[in-house]
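K.L.:
My structure is stored as structure19.csv, with CSV, C-alpha atoms and all ligand atoms.
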```
chain,number,residue,atom,x,y,z
B,3,MET,CA,-44.9,-5.9,-48.1
B,4,GLN,CA,-41.5,-4.4,-47.1
B,5,VAL,CA,-41.8,-1.5,-44.6
B,6,PRO,CA,-39.0,0.7,-43.3
B,7,ALA,CA,-38.0,0.8,-39.6
B,8,SER,CA,-39.7,3.6,-37.7
B,9,PHE,CA,-38.3,7.1,-38.1
B,10,ALA,CA,-39.1,10.7,-37.2
B,11,TYR,CA,-39.9,13.3,-39.9
B,12,GLU,CA,-38.9,16.9,-40.1
B,13,ARG,CA,-39.7,19.3,-42.9
B,14,ALA,CA,-37.0,21.9,-43.4
B,15,SER,CA,-38.2,25.5,-44.0
B,16,SER,CA,-34.8,26.7,-45.4
B,17,VAL,CA,-31.3,25.5,-46.1
B,18,ARG,CA,-30.2,26.9,-42.8
B,19,ASP,CA,-33.0,25.1,-41.0
B,20,ALA,CA,-32.1,21.8,-42.8
B,21,LEU,CA,-28.5,22.2,-41.7
B,22,ASP,CA,-29.5,22.9,-38.1
B,23,LEU,CA,-31.8,19.9,-38.1
B,24,LEU,CA,-29.1,17.6,-39.5
B,25,ARG,CA,-26.6,18.8,-37.0
B,26,ARG,CA,-29.0,18.6,-34.1
B,27,HIS,CA,-30.1,15.0,-34.9
B,28,GLY,CA,-26.6,13.7,-35.6
B,29,PRO,CA,-25.2,11.1,-38.0
B,30,ASP,CA,-28.4,8.9,-38.0
B,31,ALA,CA,-30.5,11.7,-39.6
B,32,ARG,CA,-30.6,11.9,-43.4
B,33,PRO,CA,-31.9,14.5,-45.9
B,34,ILE,CA,-34.6,13.2,-48.2
B,35,ALA,CA,-35.1,14.8,-51.6
B,36,GLY,CA,-37.3,12.9,-54.1
B,37,GLY,CA,-37.1,9.7,-52.0
B,38,HIS,CA,-36.8,7.5,-55.0
B,39,SER,CA,-33.6,5.9,-53.9
B,40,LEU,CA,-33.7,6.5,-50.1
B,41,LEU,CA,-37.2,5.1,-49.5
B,42,PRO,CA,-36.6,1.8,-51.4
B,43,MET,CA,-33.3,1.4,-49.4
B,44,MET,CA,-35.2,2.0,-46.2
B,45,LYS,CA,-37.9,-0.6,-47.1
B,46,LEU,CA,-35.1,-3.1,-47.8
B,47,ARG,CA,-33.5,-2.0,-44.4
B,48,LEU,CA,-30.3,-1.1,-46.3
B,49,ALA,CA,-30.7,2.3,-44.7
B,50,GLU,CA,-32.2,2.9,-41.3
B,51,PRO,CA,-32.1,6.7,-40.6
B,52,THR,CA,-33.8,7.6,-37.4
B,53,VAL,CA,-34.8,11.1,-38.7
B,54,LEU,CA,-35.6,12.2,-42.2
B,55,VAL,CA,-35.1,15.9,-43.0
B,56,ASP,CA,-37.3,16.7,-46.0
B,57,LEU,CA,-35.9,19.1,-48.5
B,58,GLY,CA,-39.1,19.0,-50.6
B,59,GLY,CA,-40.3,22.5,-49.6
B,60,LEU,CA,-37.0,24.3,-50.4
B,61,ALA,CA,-37.9,26.3,-53.6
B,62,GLU,CA,-34.5,28.1,-53.2
B,63,LEU,CA,-32.8,24.8,-54.2
B,64,ALA,CA,-34.8,24.3,-57.4
B,65,GLY,CA,-34.2,25.5,-60.9
B,66,VAL,CA,-31.8,25.8,-63.8
B,67,ALA,CA,-30.2,29.2,-64.6
B,68,ILE,CA,-27.2,30.7,-66.4
B,69,GLU,CA,-25.0,32.5,-63.8
B,70,GLY,CA,-21.9,34.2,-65.3
B,71,THR,CA,-19.9,31.5,-67.1
B,72,ASN,CA,-21.8,28.6,-65.5
B,73,ILE,CA,-25.1,26.9,-65.7
B,74,ARG,CA,-26.4,26.4,-62.1
B,75,PHE,CA,-28.6,23.5,-61.2
B,76,GLY,CA,-30.3,23.7,-57.8
B,77,ALA,CA,-30.0,20.4,-55.9
B,78,MET,CA,-33.8,20.0,-55.7
B,79,THR,CA,-34.2,20.4,-59.5
B,80,ARG,CA,-36.3,17.4,-60.6
B,81,HIS,CA,-35.3,15.2,-63.6
B,82,ALA,CA,-38.4,16.4,-65.4
B,83,ASP,CA,-37.3,20.0,-65.0
B,84,VAL,CA,-33.9,19.3,-66.4
B,85,LEU,CA,-35.6,17.7,-69.4
B,86,ALA,CA,-37.9,20.7,-69.9
B,87,SER,CA,-35.3,23.4,-69.4
B,88,PRO,CA,-34.6,25.6,-72.5
B,89,VAL,CA,-31.1,26.4,-71.1
B,90,VAL,CA,-30.3,22.7,-71.0
B,91,ALA,CA,-31.7,22.1,-74.4
B,92,GLU,CA,-29.5,24.9,-75.8
B,93,HIS,CA,-26.2,24.3,-74.0
B,94,LEU,CA,-26.2,20.7,-72.6
B,95,PRO,CA,-27.7,18.1,-75.0
B,96,ILE,CA,-25.8,15.4,-73.0
B,97,LEU,CA,-28.3,16.0,-70.2
B,98,VAL,CA,-31.3,15.8,-72.5
B,99,ASP,CA,-30.0,12.5,-73.9
B,100,ALA,CA,-29.4,11.2,-70.4
B,101,GLU,CA,-32.7,12.3,-68.8
B,102,ARG,CA,-34.7,10.8,-71.6
B,103,VAL,CA,-33.4,7.3,-70.6
B,104,ILE,CA,-33.6,7.7,-66.8
B,105,ALA,CA,-36.5,5.6,-65.5
B,106,ASP,CA,-40.0,6.8,-66.4
B,107,PRO,CA,-42.1,10.0,-66.0
B,108,LEU,CA,-43.1,8.9,-62.4
B,109,VAL,CA,-39.5,8.8,-61.2
B,110,ARG,CA,-38.5,11.8,-63.3
B,111,ASN,CA,-41.2,13.9,-61.7
B,112,ARG,CA,-39.8,13.2,-58.2
B,113,GLY,CA,-36.1,12.4,-58.4
B,114,THR,CA,-33.7,15.2,-58.1
B,115,VAL,CA,-30.3,16.2,-59.4
B,116,GLY,CA,-28.9,16.4,-55.9
B,117,GLY,CA,-30.4,13.1,-54.8
B,118,SER,CA,-29.0,11.4,-57.9
B,119,LEU,CA,-25.4,12.6,-57.2
B,120,CYS,CA,-25.6,11.9,-53.5
B,121,GLN,CA,-26.9,8.4,-54.0
B,122,ALA,CA,-23.6,7.6,-55.7
B,123,ASP,CA,-24.9,4.5,-57.4
B,124,PRO,CA,-22.3,3.4,-59.9
B,125,SER,CA,-25.0,2.8,-62.5
B,126,GLU,CA,-26.5,6.3,-62.0
B,127,ASP,CA,-26.7,8.3,-65.3
B,128,LEU,CA,-26.4,12.0,-64.2
B,129,SER,CA,-23.1,11.4,-62.3
B,130,ALA,CA,-21.6,10.0,-65.5
B,131,ALA,CA,-23.0,13.0,-67.5
B,132,PHE,CA,-21.9,15.6,-65.0
B,133,SER,CA,-18.4,13.9,-64.8
B,134,ALA,CA,-18.1,14.2,-68.6
B,135,LEU,CA,-19.1,17.9,-68.2
B,136,ARG,CA,-16.5,18.5,-65.5
B,137,ALA,CA,-19.2,19.9,-63.3
B,138,SER,CA,-18.6,21.1,-59.7
B,139,VAL,CA,-20.8,20.4,-56.7
B,140,VAL,CA,-21.5,23.1,-54.0
B,141,ILE,CA,-21.7,21.6,-50.5
B,142,SER,CA,-23.1,23.7,-47.7
B,143,GLY,CA,-22.5,23.3,-44.0
B,144,THR,CA,-23.2,25.4,-41.0
B,145,ASN,CA,-19.6,26.9,-41.4
B,146,GLY,CA,-20.1,27.9,-45.0
B,147,ASP,CA,-19.8,26.5,-48.5
B,148,ARG,CA,-17.2,24.5,-50.3
B,149,VAL,CA,-16.9,23.5,-54.0
B,150,VAL,CA,-15.8,20.0,-55.0
B,151,ALA,CA,-15.2,18.8,-58.6
B,152,VAL,CA,-17.8,16.1,-59.3
B,153,ARG,CA,-14.9,13.8,-60.3
B,154,ASP,CA,-13.7,14.0,-56.7
B,155,PHE,CA,-17.2,14.0,-55.2
B,156,HIS,CA,-17.8,10.3,-55.4
B,157,ARG,CA,-15.6,8.4,-53.0
B,158,GLY,CA,-16.9,4.9,-53.9
B,159,PRO,CA,-20.3,3.1,-54.2
B,160,TYR,CA,-22.9,5.0,-52.2
B,161,GLU,CA,-20.2,7.2,-50.7
B,162,THR,CA,-19.6,10.9,-51.3
B,163,ALA,CA,-17.7,13.9,-50.0
B,164,VAL,CA,-20.8,15.2,-48.2
B,165,ALA,CA,-20.6,14.9,-44.4
B,166,HIS,CA,-23.7,14.0,-42.3
B,167,ASP,CA,-24.3,17.6,-41.4
B,168,GLU,CA,-23.9,19.0,-44.9
B,169,LEU,CA,-26.1,19.4,-47.9
B,170,VAL,CA,-25.5,19.6,-51.6
B,171,THR,CA,-27.1,22.9,-52.7
B,172,ASP,CA,-26.0,23.3,-56.3
B,173,VAL,CA,-24.3,21.8,-59.3
B,174,LEU,CA,-22.3,24.1,-61.6
B,175,VAL,CA,-21.5,23.3,-65.2
B,176,PRO,CA,-19.1,25.6,-67.1
B,177,ILE,CA,-20.4,27.0,-70.5
B,178,ARG,CA,-17.8,26.6,-73.2
B,179,PRO,CA,-17.9,27.7,-76.8
B,180,ARG,CA,-17.6,25.3,-79.7
B,181,THR,CA,-18.6,22.5,-77.4
B,182,GLY,CA,-20.9,19.6,-78.2
B,183,SER,CA,-22.0,16.7,-76.0
B,184,ALA,CA,-24.0,13.5,-76.1
B,185,TYR,CA,-25.1,10.5,-73.9
B,186,ALA,CA,-26.0,7.0,-74.8
B,187,LYS,CA,-27.1,4.0,-72.8
B,188,VAL,CA,-27.9,0.4,-73.4
B,189,GLU,CA,-30.7,-0.9,-71.2
B,190,ARG,CA,-32.5,-4.2,-71.1
B,191,ARG,CA,-35.9,-2.6,-71.4
B,192,ALA,CA,-37.1,1.0,-71.6
B,193,GLY,CA,-36.5,2.9,-68.3
B,194,ASP,CA,-34.2,0.3,-66.8
B,195,TRP,CA,-30.8,1.0,-65.2
B,196,ALA,CA,-27.9,0.8,-67.7
B,197,VAL,CA,-26.2,-2.3,-68.8
B,198,ALA,CA,-23.5,0.3,-69.7
B,199,ALA,CA,-23.7,4.0,-70.6
B,200,ALA,CA,-21.3,6.7,-71.8
B,201,GLY,CA,-21.4,10.4,-72.0
B,202,ALA,CA,-19.0,12.5,-74.1
B,203,VAL,CA,-18.2,16.3,-74.2
B,204,LEU,CA,-15.9,17.7,-76.9
B,205,THR,CA,-14.5,21.2,-77.3
B,206,LEU,CA,-13.2,22.0,-80.7
B,207,ASP,CA,-10.5,24.4,-81.9
B,208,GLY,CA,-10.7,24.4,-85.6
B,209,ASP,CA,-10.6,20.8,-86.8
B,210,ARG,CA,-8.8,19.7,-83.6
B,211,ILE,CA,-10.0,18.7,-80.2
B,212,ALA,CA,-9.1,21.2,-77.5
B,213,ASP,CA,-10.6,19.2,-74.7
B,214,ALA,CA,-12.6,16.1,-74.1
B,215,GLY,CA,-14.6,14.7,-71.2
B,216,ILE,CA,-15.9,11.1,-71.0
B,217,GLY,CA,-18.1,9.7,-68.2
B,218,LEU,CA,-19.2,6.2,-67.9
B,219,ALA,CA,-22.0,4.4,-65.8
B,220,ALA,CA,-22.4,0.8,-64.8
B,221,VAL,CA,-18.8,-0.2,-65.6
B,222,GLY,CA,-17.5,-1.0,-62.2
B,223,ALA,CA,-17.6,-0.2,-58.5
B,224,THR,CA,-17.0,3.6,-58.9
B,225,HIS,CA,-18.1,6.2,-61.3
B,226,PHE,CA,-15.6,5.9,-64.0
B,227,VAL,CA,-14.0,8.7,-66.0
B,228,ALA,CA,-12.2,7.4,-69.1
B,229,VAL,CA,-9.0,9.3,-68.5
B,230,GLU,CA,-6.8,7.5,-71.0
B,231,ALA,CA,-9.4,8.0,-73.7
B,232,GLU,CA,-9.7,11.7,-72.8
B,233,GLU,CA,-5.9,12.2,-73.0
B,234,SER,CA,-5.7,10.5,-76.4
B,235,LEU,CA,-8.2,13.0,-77.8
B,236,ARG,CA,-6.6,16.2,-76.5
B,237,GLY,CA,-5.0,17.9,-79.5
B,238,ALA,CA,-6.0,15.1,-81.9
B,239,PRO,CA,-8.0,15.8,-85.1
B,240,ALA,CA,-11.8,15.5,-84.6
B,241,THR,CA,-12.0,12.5,-87.0
B,242,PRO,CA,-13.7,9.0,-86.8
B,243,ALA,CA,-10.2,7.5,-86.3
B,244,SER,CA,-9.6,9.5,-83.1
B,245,PHE,CA,-13.0,8.5,-81.8
B,246,THR,CA,-12.5,4.8,-82.5
B,247,THR,CA,-9.1,4.9,-80.8
B,248,ALA,CA,-10.7,6.6,-77.8
B,249,GLY,CA,-13.5,4.0,-77.7
B,250,ALA,CA,-11.0,1.2,-77.7
B,251,LEU,CA,-8.9,2.8,-74.9
B,252,ALA,CA,-12.0,3.4,-72.8
B,253,ALA,CA,-13.0,-0.3,-73.2
B,254,GLU,CA,-9.5,-1.5,-72.3
B,255,HIS,CA,-9.4,0.4,-69.0
B,256,VAL,CA,-12.9,-0.2,-67.6
B,257,ARG,CA,-13.4,-2.9,-64.9
B,258,PRO,CA,-17.1,-4.0,-65.3
B,259,VAL,CA,-18.5,-6.8,-63.2
B,260,ALA,CA,-20.7,-9.6,-64.5
B,261,ASP,CA,-24.2,-9.4,-63.1
B,262,GLN,CA,-27.8,-10.0,-64.2
B,263,ARG,CA,-27.4,-7.3,-66.8
B,264,GLY,CA,-24.6,-9.0,-68.7
B,265,PRO,CA,-21.1,-10.6,-68.7
B,266,VAL,CA,-17.9,-8.6,-68.6
B,267,ASP,CA,-17.0,-8.9,-72.3
B,268,TYR,CA,-20.4,-7.7,-73.4
B,269,LYS,CA,-20.2,-4.6,-71.1
B,270,ARG,CA,-16.6,-3.9,-72.4
B,271,HIS,CA,-17.9,-4.1,-75.9
B,272,LEU,CA,-20.7,-1.7,-75.1
B,273,VAL,CA,-18.3,0.8,-73.7
B,274,GLU,CA,-16.2,0.8,-76.9
B,275,VAL,CA,-19.3,1.3,-79.1
B,276,LEU,CA,-21.0,3.9,-76.8
B,277,VAL,CA,-17.9,6.0,-76.3
B,278,THR,CA,-17.2,6.0,-80.1
B,279,ARG,CA,-20.8,6.8,-80.8
B,280,THR,CA,-21.2,9.7,-78.3
B,281,LEU,CA,-17.9,11.3,-79.3
B,282,THR,CA,-19.1,11.2,-83.0
B,283,ARG,CA,-22.4,12.8,-82.0
B,284,ALA,CA,-20.7,15.4,-79.7
B,285,ALA,CA,-18.4,16.5,-82.5
B,286,ALA,CA,-21.3,16.9,-84.9
B,287,ARG,CA,-23.1,19.0,-82.3
B,288,ALA,CA,-20.0,21.1,-81.6
B,289,ARG,CA,-19.9,21.9,-85.4
B,290,GLY,CA,-23.6,22.7,-85.3
B,291,GLU,CA,-24.5,19.8,-87.6
B,292,ALA,CA,-26.8,17.9,-85.3
P,1,LIG,C1,-37.9,2.5,-60.5
P,1,LIG,C2,-36.7,3.4,-60.6
P,1,LIG,C3,-35.9,3.4,-61.7
P,1,LIG,C4,-34.8,4.2,-61.7
P,1,LIG,N1,-34.0,4.3,-62.9
P,1,LIG,C5,-32.9,5.1,-62.9
P,1,LIG,C6,-32.1,5.1,-64.1
P,1,LIG,O1,-32.3,4.4,-65.1
P,1,LIG,N2,-31.0,5.9,-64.1
P,1,LIG,C7,-30.7,6.7,-63.0
P,1,LIG,O2,-29.7,7.4,-63.1
P,1,LIG,N3,-31.5,6.7,-61.9
P,1,LIG,C8,-32.5,5.9,-61.9
P,1,LIG,N4,-33.3,5.9,-60.7
P,1,LIG,C9,-32.9,6.7,-59.6
P,1,LIG,C10,-33.6,8.1,-59.7
P,1,LIG,O3,-32.8,8.9,-60.6
P,1,LIG,C11,-33.6,8.8,-58.3
P,1,LIG,O4,-34.3,10.0,-58.5
P,1,LIG,C12,-32.2,9.2,-57.8
P,1,LIG,O5,-31.3,8.2,-57.6
P,1,LIG,C13,-32.3,9.8,-56.4
P,1,LIG,O6,-32.9,11.0,-56.4
P,1,LIG,P1,-33.9,11.4,-55.2
P,1,LIG,O7,-34.1,12.9,-55.3
P,1,LIG,O8,-35.1,10.5,-55.3
P,1,LIG,O9,-33.0,11.1,-53.9
P,1,LIG,P2,-33.4,10.5,-52.5
P,1,LIG,O10,-33.8,9.1,-52.7
P,1,LIG,O11,-34.3,11.4,-51.7
P,1,LIG,O12,-31.9,10.6,-51.8
P,1,LIG,C14,-30.9,9.7,-52.2
P,1,LIG,C15,-29.7,9.9,-51.3
P,1,LIG,O13,-29.1,11.3,-51.5
P,1,LIG,C16,-29.2,12.0,-50.2
P,1,LIG,N5,-29.5,13.3,-50.6
P,1,LIG,C17,-30.6,13.7,-51.3
P,1,LIG,N6,-30.5,15.1,-51.6
P,1,LIG,C18,-29.4,15.5,-50.9
P,1,LIG,C19,-28.8,16.8,-50.8
P,1,LIG,N7,-29.3,17.9,-51.4
P,1,LIG,N8,-27.7,16.9,-50.1
P,1,LIG,C20,-27.1,15.8,-49.5
P,1,LIG,N9,-27.7,14.6,-49.6
P,1,LIG,C21,-28.8,14.4,-50.3
P,1,LIG,C22,-30.2,11.2,-49.4
P,1,LIG,O14,-30.0,11.4,-48.0
P,1,LIG,C23,-30.0,9.8,-49.8
P,1,LIG,O15,-28.9,9.2,-49.2
P,1,LIG,C24,-34.4,5.1,-60.6
P,1,LIG,C25,-35.2,5.1,-59.5
P,1,LIG,C26,-36.4,4.2,-59.4
P,1,LIG,C27,-37.2,4.2,-58.2
```
As a first step, turn the structure in this file into structure tokens.
P.N.:
Amino acid sequence: MQVPASFAYERASSVRDALDLLRRHGPDARPIAGGHSLLPMMKLRLAEPTVLVDLGGLAELAGVAIEGTNIRFGAMTRHADVLASPVVAEHLPILVDAERVIADPLVRNRGTVGGSLCQADPSEDLSAAFSALRASVVISGTNGDRVVAVRDFHRGPYETAVAHDELVTDVLVPIRPRTGSAYAKVERRAGDWAVAAAGAVLTLDGDRIADAGIGLAAVGATHFVAVEAEESLRGAPATPASFTTAGALAAEHVRPVADQRGPVDYKRHLVEVLVTRTLTRAAARARGEA
């Protein structure tokens, strides 16, 4: 049985307390949220924090709510709570689609929004979905808060914009009228990590596309935003031809790697199909047809 190296444990009583603990214990301390990524990494000795600062008791960091023109997700909101949220069901079907295919109920009951984004695994589904949504991440430190676009938040595999003495507290998603969204993933078996996955968000202006967001998972070393495909859609008619063109462009520009989940050509093909499919579904939802 794999066991982690020894570590000390601190349970934070507030965000301020968590930040103080992280600062006091230095760069070898790590926050722990659901523990579904960090603990496996510790057991494999891929992470060896000397102190864990548990965020589990911080009710102030949990929940989904509409605040002004944004939907706010507390960092400690569990996957299961995202899936059960009426606000998400009404405004952000892309997250319902994504959460349904993340792991299993056991993982979804513990894993959190903040932990998922901070893990920065290139195969992680919520980062792709939040990238498509052009969400922002609120990062708190002892000197105050800063807001970073999720597209700038991931610096590379397992690397983010969060410093060792900072915490993610919230994720903000703008609410936009006439907007539809969808997520689709191909996995080898139910609940597995993606072979490839795509999320699409479309805002319509009449029959034309006012704006588009496309996020991808498991297509290379970083979370990938299909910029060329997004640009091809802006101002284009919301038709199957536009979606097919965007799917082909997305596939052309991804850089997947061959691994146990499949060869490069297969993953590229999946990107084309999934981008086209999610754009089609997002457009139907924006029109209120699905
Ligand atoms: C069997 C299994 C299958 C899975 N399948 C999928 C899947 O199909 N798709 C998918 O997307 N995910 C999948 N996951 C991952 C799952 O979604 C995890 O919940 C998620 O990656 C991490 O969330 P967590 O709350 O458990 O984070 P933790 O493991 O607690 O933390 C992860 C990292 O984030 C840091 N961190 C956590 N919270 C904060 C914060 N607020 N501020 C700053 N840093 C923070 C930690 O220090 C750590 O470095 C799977 C996990 C398991 C165990």
K.L.:
Grab me every residue within 7 Å of ligand LIG 1 (chain P), counting all atoms listed in the file, and send it over as a PyMOL selection string.
P.N.:
chain B and resi 32-41+77-78+103-105+109-110+112-121+125-128+164+168-171+193-196
K.L.:
Nearest to Ala186 in chain B: which of B:Asp172, B:Asp207, B:Asp99, B:Asp123 is it, counting all atoms listed in the file?
P.N.:
B:Asp99
K.L.:
So the first atom is CA of Pro265 in chain B and the second is CA of Ser129 in chain B; what is the distance between them in Å, to one decimal place?
P.N.:
23.0 Å
K.L.:
Each residue of range 127-244 of chain B with at least one atom at most 12 Å from range 276-292 of chain B should appear once, together with its nearest atom pair and the corresponding distance in Å (one decimal); atoms considered: all atoms listed in the file; ordering: chain, then increasing residue number; output as CSV.
P.N.:
```
residue,atom,partner,partner_atom,distance
B:Ala131,CA,B:Thr280,CA,11.4
B:Ala134,CA,B:Leu281,CA,11.1
B:Leu135,CA,B:Ala284,CA,11.9
B:Arg178,CA,B:Ala288,CA,10.3
B:Pro179,CA,B:Ala288,CA,8.4
B:Arg180,CA,B:Ala288,CA,5.2
B:Thr181,CA,B:Ala288,CA,4.6
B:Gly182,CA,B:Ala288,CA,3.8
B:Ser183,CA,B:Ala284,CA,4.1
B:Ala184,CA,B:Thr280,CA,5.2
B:Tyr185,CA,B:Thr280,CA,5.9
B:Ala186,CA,B:Leu276,CA,6.2
B:Lys187,CA,B:Leu276,CA,7.3
B:Val188,CA,B:Leu276,CA,8.5
B:Ala196,CA,B:Leu276,CA,11.8
B:Val197,CA,B:Leu276,CA,11.4
B:Ala198,CA,B:Leu276,CA,8.3
B:Ala199,CA,B:Leu276,CA,6.8
B:Ala200,CA,B:Val277,CA,5.7
B:Gly201,CA,B:Thr280,CA,6.3
B:Ala202,CA,B:Leu281,CA,5.4
B:Val203,CA,B:Ala284,CA,6.1
B:Leu204,CA,B:Ala284,CA,6.0
B:Thr205,CA,B:Ala288,CA,7.0
B:Leu206,CA,B:Ala288,CA,6.9
B:Asp207,CA,B:Ala288,CA,10.1
B:Gly208,CA,B:Arg289,CA,9.5
B:Asp209,CA,B:Arg289,CA,9.5
B:Arg210,CA,B:Ala285,CA,10.2
B:Ile211,CA,B:Ala285,CA,9.0
B:Ala212,CA,B:Ala285,CA,11.6
B:Asp213,CA,B:Ala285,CA,11.4
B:Ala214,CA,B:Leu281,CA,8.8
B:Gly215,CA,B:Leu281,CA,9.4
B:Ile216,CA,B:Val277,CA,7.6
B:Gly217,CA,B:Val277,CA,8.9
B:Leu218,CA,B:Val277,CA,8.5
B:Ala219,CA,B:Leu276,CA,11.1
B:Val227,CA,B:Val277,CA,11.3
B:Ala228,CA,B:Val277,CA,9.3
B:Ala231,CA,B:Val277,CA,9.1
B:Glu232,CA,B:Leu281,CA,10.5
B:Leu235,CA,B:Leu281,CA,10.0
B:Pro239,CA,B:Ala285,CA,10.7
B:Ala240,CA,B:Ala285,CA,7.0
B:Thr241,CA,B:Thr282,CA,8.3
B:Pro242,CA,B:Thr282,CA,7.0
B:Ala243,CA,B:Thr278,CA,9.5
B:Ser244,CA,B:Thr278,CA,8.9
```
K.L.:
Rank B:Thr247, B:Ser16, B:Ser8, B:Asn72 by their smallest atom-to-atom distance to Thr52 in chain B, using all atoms listed in the file, and report the top residue only.
P.N.:
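Of all the options, B:Ser8 lies closest to Thr52 in chain B.
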K.L.:
To one decimal place in Å, what is the distance between CA of Arg153 in chain B and CA of Ala252 in chain B?
P.N.:
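Here the two named atoms are 16.5 Å from each other.
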K.L.:
Might you pull out every residue within 10 Å of Thr162 in chain B, with only C-alpha atoms counted and same-chain residues fewer than 2 positions away left off, and present them as a PyMOL selection string?
P.N.:
chain B and resi 119-122+152+154-160+164-165
K.L.:
Let me make sure I understand: among B:Gly76, B:Ala192, B:Gln4, B:Arg13, which one has the smallest atom-to-atom distance to Ala61 in chain B if we use only C-alpha atoms?
P.N.:
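Among the listed residues, the smallest separation from Ala61 in chain B belongs to B:Gly76.
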K.L.:
Residues at most 7 Å from Arg257 in chain B, counting only C-alpha atoms, excluding those fewer than 2 positions away in the same chain, as a VMD selection string?
P.N.:
chain B and resid 221 to 222 255 259
K.L.:
Would you mind reading off the distance between CA of Val149 in chain B and CA of Pro51 in chain B, one decimal, in Å?
P.N.:
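It comes out at 26.3 Å.
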K.L.:
Ranking B:Asp83, B:Glu233, B:Asp19, B:Asp261 by minimum distance to Leu60 in chain B and counting all atoms listed in the file, which one comes first?
P.N.:
B:Asp19
K.L.:
Applying 7 Å and all atoms listed in the file, which residues near Phe75 in chain B remain after dropping the ones on its own chain fewer than 5 positions away? List them as a list in words.
P.N.:
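Surrounding residues, per the criterion: Gly65, Val66, Ala67, Asp172, Val173 and Leu174 of chain B.
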K.L.:
Out of B:Val150, B:Val53, B:Val90, B:Met44, which residue has the shortest atom-to-atom distance to Arg25 in chain B when counting only C-alpha atoms?
P.N.:
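The answer is B:Val53, which sits nearest to Arg25 in chain B.
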K.L.:
Would you mind telling me which residue in B:Leu46, B:Ala82, B:Val175, B:Leu21 lies nearest to Leu108 in chain B when using all atoms listed in the file?
P.N.:
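Under the stated criterion, the closest residue is B:Ala82.
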